[in-house]
Amino acid sequence: MPAFVLRRLLQSILVMLTVALVSFGLFRFIGDPVNNMVGQEATMAERAALRESLGLDDPVALQFLRFVVNAAQGEFGVSYRMARPVADVIAERLPATLELALISG
């Protein structure tokens, strides 16, 4: 029995890492988030400062590691589209999501 539980736990971790890698890859594929966050009037220095503050100038492997560690701790960073903490966006939409889930279940 303990071997089964351990095997399932390892499989679960592998699946979560795979999903994290796919989602991380998709977000990198959609383009430069800095262009979505700043207007056209932003200077190159402002863009570079934002890129540095978001950690987008770090190597991809380091960005992925930071993404996984932060997600495991419940810290999802800043929404590139809304320029707000993702935790705030989730908390704002959670009541409606739970209501839909409970009603449909």
# chains A, B, ... in the order shown; residues from 1 in each chain; ligands from 1
>>> residues_around(residues="Phe24 of chain A", least_positions_apart="5", cutoff="9 Å", atoms="only C-alpha atoms", output="list in words")
Val19, Phe29, Phe64 and Phe67 of chain A
>>> write_last_selection(atoms="N, CA and C atoms", output="PDB file, in the first residue's frame")
ATOM      1  N   VAL A  19       1.970  20.266 -16.539  1.00  0.00           N
ATOM      2  CA  VAL A  19       0.962  21.317 -16.755  1.00  0.00           C
ATOM      3  C   VAL A  19       1.594  22.695 -16.558  1.00  0.00           C
ATOM      4  N   PHE A  29       4.709  32.168 -25.325  1.00  0.00           N
ATOM      5  CA  PHE A  29       4.450  32.124 -26.763  1.00  0.00           C
ATOM      6  C   PHE A  29       3.585  33.286 -27.231  1.00  0.00           C
ATOM      7  N   PHE A  64      11.134  29.820 -15.202  1.00  0.00           N
ATOM      8  CA  PHE A  64      10.248  28.685 -14.971  1.00  0.00           C
ATOM      9  C   PHE A  64      10.355  28.198 -13.527  1.00  0.00           C
ATOM     10  N   PHE A  67       8.524  30.545 -11.388  1.00  0.00           N
ATOM     11  CA  PHE A  67       7.090  30.358 -11.631  1.00  0.00           C
ATOM     12  C   PHE A  67       6.548  29.174 -10.827  1.00  0.00           C
TER      13      PHE A  67
END
>>> select_by_dssp(residues="segment 17-71 of chain A", states="alpha helix (DSSP H)", output="PyMOL selection string")
chain A and resi 17-29+33-37+44-54+60-71
>>> closest_residue(among="A:Ala20, A:Leu50, A:Leu26, A:Met44", to="Val68 of chain A", atoms="only C-alpha atoms")
A:Ala20
>>> closest_residue(among="A:Met37, A:Ala3, A:Ala45, A:Leu14", to="Arg84 of chain A", atoms="only C-alpha atoms")
A:Met37
>>> atom_distance(atom1="atom CA of Gly77 of chain A", atom2="atom CA of Ala91 of chain A")
13.6 Å
>>> residues_around(residues="Arg66 of chain A", least_positions_apart="5", cutoff="12 Å", atoms="only C-alpha atoms", output="PDB file with N, CA, C and O atoms, in the first residue's frame")
ATOM      1  N   ALA A  20       2.444  22.829 -15.551  1.00  0.00           N
ATOM      2  CA  ALA A  20       3.131  24.105 -15.320  1.00  0.00           C
ATOM      3  C   ALA A  20       4.014  24.466 -16.511  1.00  0.00           C
ATOM      4  O   ALA A  20       4.037  25.624 -16.938  1.00  0.00           O
ATOM      5  N   LEU A  21       4.723  23.489 -17.055  1.00  0.00           N
ATOM      6  CA  LEU A  21       5.597  23.746 -18.198  1.00  0.00           C
ATOM      7  C   LEU A  21       4.785  24.150 -19.424  1.00  0.00           C
ATOM      8  O   LEU A  21       5.147  25.095 -20.132  1.00  0.00           O
ATOM      9  N   PHE A  24       3.377  27.688 -18.766  1.00  0.00           N
ATOM     10  CA  PHE A  24       4.479  28.646 -18.842  1.00  0.00           C
ATOM     11  C   PHE A  24       4.876  28.881 -20.301  1.00  0.00           C
ATOM     12  O   PHE A  24       5.076  30.019 -20.725  1.00  0.00           O
ATOM     13  N   LEU A  54       9.837  42.576 -13.498  1.00  0.00           N
ATOM     14  CA  LEU A  54       9.055  41.346 -13.647  1.00  0.00           C
ATOM     15  C   LEU A  54       9.927  40.102 -13.764  1.00  0.00           C
ATOM     16  O   LEU A  54       9.418  38.984 -13.754  1.00  0.00           O
ATOM     17  N   GLY A  55      11.229  40.295 -13.891  1.00  0.00           N
ATOM     18  CA  GLY A  55      12.137  39.165 -14.011  1.00  0.00           C
ATOM     19  C   GLY A  55      12.159  38.556 -15.397  1.00  0.00           C
ATOM     20  O   GLY A  55      12.597  37.420 -15.577  1.00  0.00           O
ATOM     21  N   LEU A  56      11.713  39.305 -16.395  1.00  0.00           N
ATOM     22  CA  LEU A  56      11.643  38.773 -17.753  1.00  0.00           C
ATOM     23  C   LEU A  56      12.982  38.794 -18.469  1.00  0.00           C
ATOM     24  O   LEU A  56      13.096  38.221 -19.557  1.00  0.00           O
ATOM     25  N   ASP A  58      15.642  37.498 -17.045  1.00  0.00           N
ATOM     26  CA  ASP A  58      16.369  36.337 -16.518  1.00  0.00           C
ATOM     27  C   ASP A  58      16.304  35.191 -17.519  1.00  0.00           C
ATOM     28  O   ASP A  58      15.432  35.170 -18.391  1.00  0.00           O
ATOM     29  N   PRO A  59      17.212  34.215 -17.403  1.00  0.00           N
ATOM     30  CA  PRO A  59      17.142  33.042 -18.277  1.00  0.00           C
ATOM     31  C   PRO A  59      15.800  32.308 -18.125  1.00  0.00           C
ATOM     32  O   PRO A  59      15.183  32.326 -17.062  1.00  0.00           O
ATOM     33  N   VAL A  60      15.364  31.666 -19.194  1.00  0.00           N
ATOM     34  CA  VAL A  60      14.060  31.002 -19.216  1.00  0.00           C
ATOM     35  C   VAL A  60      13.963  29.943 -18.119  1.00  0.00           C
ATOM     36  O   VAL A  60      12.930  29.816 -17.461  1.00  0.00           O
ATOM     37  N   ALA A  61      15.021  29.180 -17.907  1.00  0.00           N
ATOM     38  CA  ALA A  61      14.993  28.139 -16.876  1.00  0.00           C
ATOM     39  C   ALA A  61      14.767  28.743 -15.486  1.00  0.00           C
ATOM     40  O   ALA A  61      13.999  28.199 -14.683  1.00  0.00           O
ATOM     41  N   ALA A  71       4.094  29.520  -7.620  1.00  0.00           N
ATOM     42  CA  ALA A  71       2.768  28.909  -7.753  1.00  0.00           C
ATOM     43  C   ALA A  71       2.518  27.906  -6.634  1.00  0.00           C
ATOM     44  O   ALA A  71       1.410  27.825  -6.101  1.00  0.00           O
ATOM     45  N   ALA A  72       3.545  27.154  -6.249  1.00  0.00           N
ATOM     46  CA  ALA A  72       3.397  26.186  -5.158  1.00  0.00           C
ATOM     47  C   ALA A  72       3.108  26.891  -3.832  1.00  0.00           C
ATOM     48  O   ALA A  72       2.473  26.314  -2.947  1.00  0.00           O
ATOM     49  N   GLN A  73       3.530  28.129  -3.717  1.00  0.00           N
ATOM     50  CA  GLN A  73       3.284  28.908  -2.502  1.00  0.00           C
ATOM     51  C   GLN A  73       2.015  29.746  -2.601  1.00  0.00           C
ATOM     52  O   GLN A  73       1.688  30.499  -1.687  1.00  0.00           O
ATOM     53  N   GLU A  75       1.475  32.161  -4.767  1.00  0.00           N
ATOM     54  CA  GLU A  75       1.791  33.506  -5.268  1.00  0.00           C
ATOM     55  C   GLU A  75       1.846  33.431  -6.795  1.00  0.00           C
ATOM     56  O   GLU A  75       2.747  32.831  -7.364  1.00  0.00           O
ATOM     57  N   PHE A  76       0.850  34.038  -7.442  1.00  0.00           N
ATOM     58  CA  PHE A  76       0.742  33.936  -8.889  1.00  0.00           C
ATOM     59  C   PHE A  76       1.195  35.192  -9.616  1.00  0.00           C
ATOM     60  O   PHE A  76       1.037  35.296 -10.823  1.00  0.00           O
ATOM     61  N   GLY A  77       1.742  36.138  -8.899  1.00  0.00           N
ATOM     62  CA  GLY A  77       2.328  37.313  -9.521  1.00  0.00           C
ATOM     63  C   GLY A  77       1.317  38.350  -9.954  1.00  0.00           C
ATOM     64  O   GLY A  77       0.237  38.482  -9.388  1.00  0.00           O
TER      65      GLY A  77
END
>>> atom_distance(atom1="atom CA of Gln63 of chain A", atom2="atom CA of Val22 of chain A")
13.7 Å
>>> atom_distance(atom1="atom CA of Leu98 of chain A", atom2="atom CA of Ile13 of chain A")
26.0 Å
>>> residues_around(residues="Val34 of chain A", least_positions_apart="2", cutoff="12 Å", atoms="only C-alpha atoms", output="VMD selection string")
chain A and resid 28 30 to 32 36 to 40 42 to 57 78 to 83
>>> write_last_selection(atoms="C-alpha atoms", output="short mmCIF file (atom, residue, chain, number, x, y, z; two decimals), in the first residue's frame")
data_model
loop_
_atom_site.label_atom_id
_atom_site.label_comp_id
_atom_site.auth_asym_id
_atom_site.auth_seq_id
_atom_site.Cartn_x
_atom_site.Cartn_y
_atom_site.Cartn_z
CA ARG A 28 5.81 32.94 -23.30
CA ILE A 30 1.76 34.84 -26.81
CA GLY A 31 4.29 37.63 -27.05
CA ASP A 32 6.04 40.20 -24.97
CA ASN A 36 0.69 44.75 -23.36
CA MET A 37 1.33 46.49 -20.04
CA VAL A 38 2.71 49.83 -21.26
CA GLY A 39 1.46 52.22 -23.85
CA GLN A 40 3.17 53.12 -27.08
CA ALA A 42 6.66 54.36 -23.03
CA THR A 43 10.38 54.84 -23.47
CA MET A 44 12.84 52.00 -23.94
CA ALA A 45 14.22 52.70 -20.46
CA GLU A 46 10.74 52.34 -18.93
CA ARG A 47 10.22 49.09 -20.82
CA ALA A 48 13.59 47.77 -19.67
CA ALA A 49 12.84 48.72 -16.06
CA LEU A 50 9.47 46.92 -16.19
CA ARG A 51 11.07 43.87 -17.82
CA GLU A 52 13.67 43.78 -15.05
CA SER A 53 11.11 44.24 -12.26
CA LEU A 54 9.06 41.35 -13.65
CA GLY A 55 12.14 39.17 -14.01
CA LEU A 56 11.64 38.77 -17.75
CA ASP A 57 15.30 39.44 -18.50
CA VAL A 78 0.88 40.19 -11.51
CA SER A 79 -1.62 39.88 -14.34
CA TYR A 80 0.09 41.13 -17.49
CA ARG A 81 -3.23 42.15 -18.98
CA MET A 82 -4.80 43.84 -15.95
CA ALA A 83 -1.59 44.97 -14.20
#
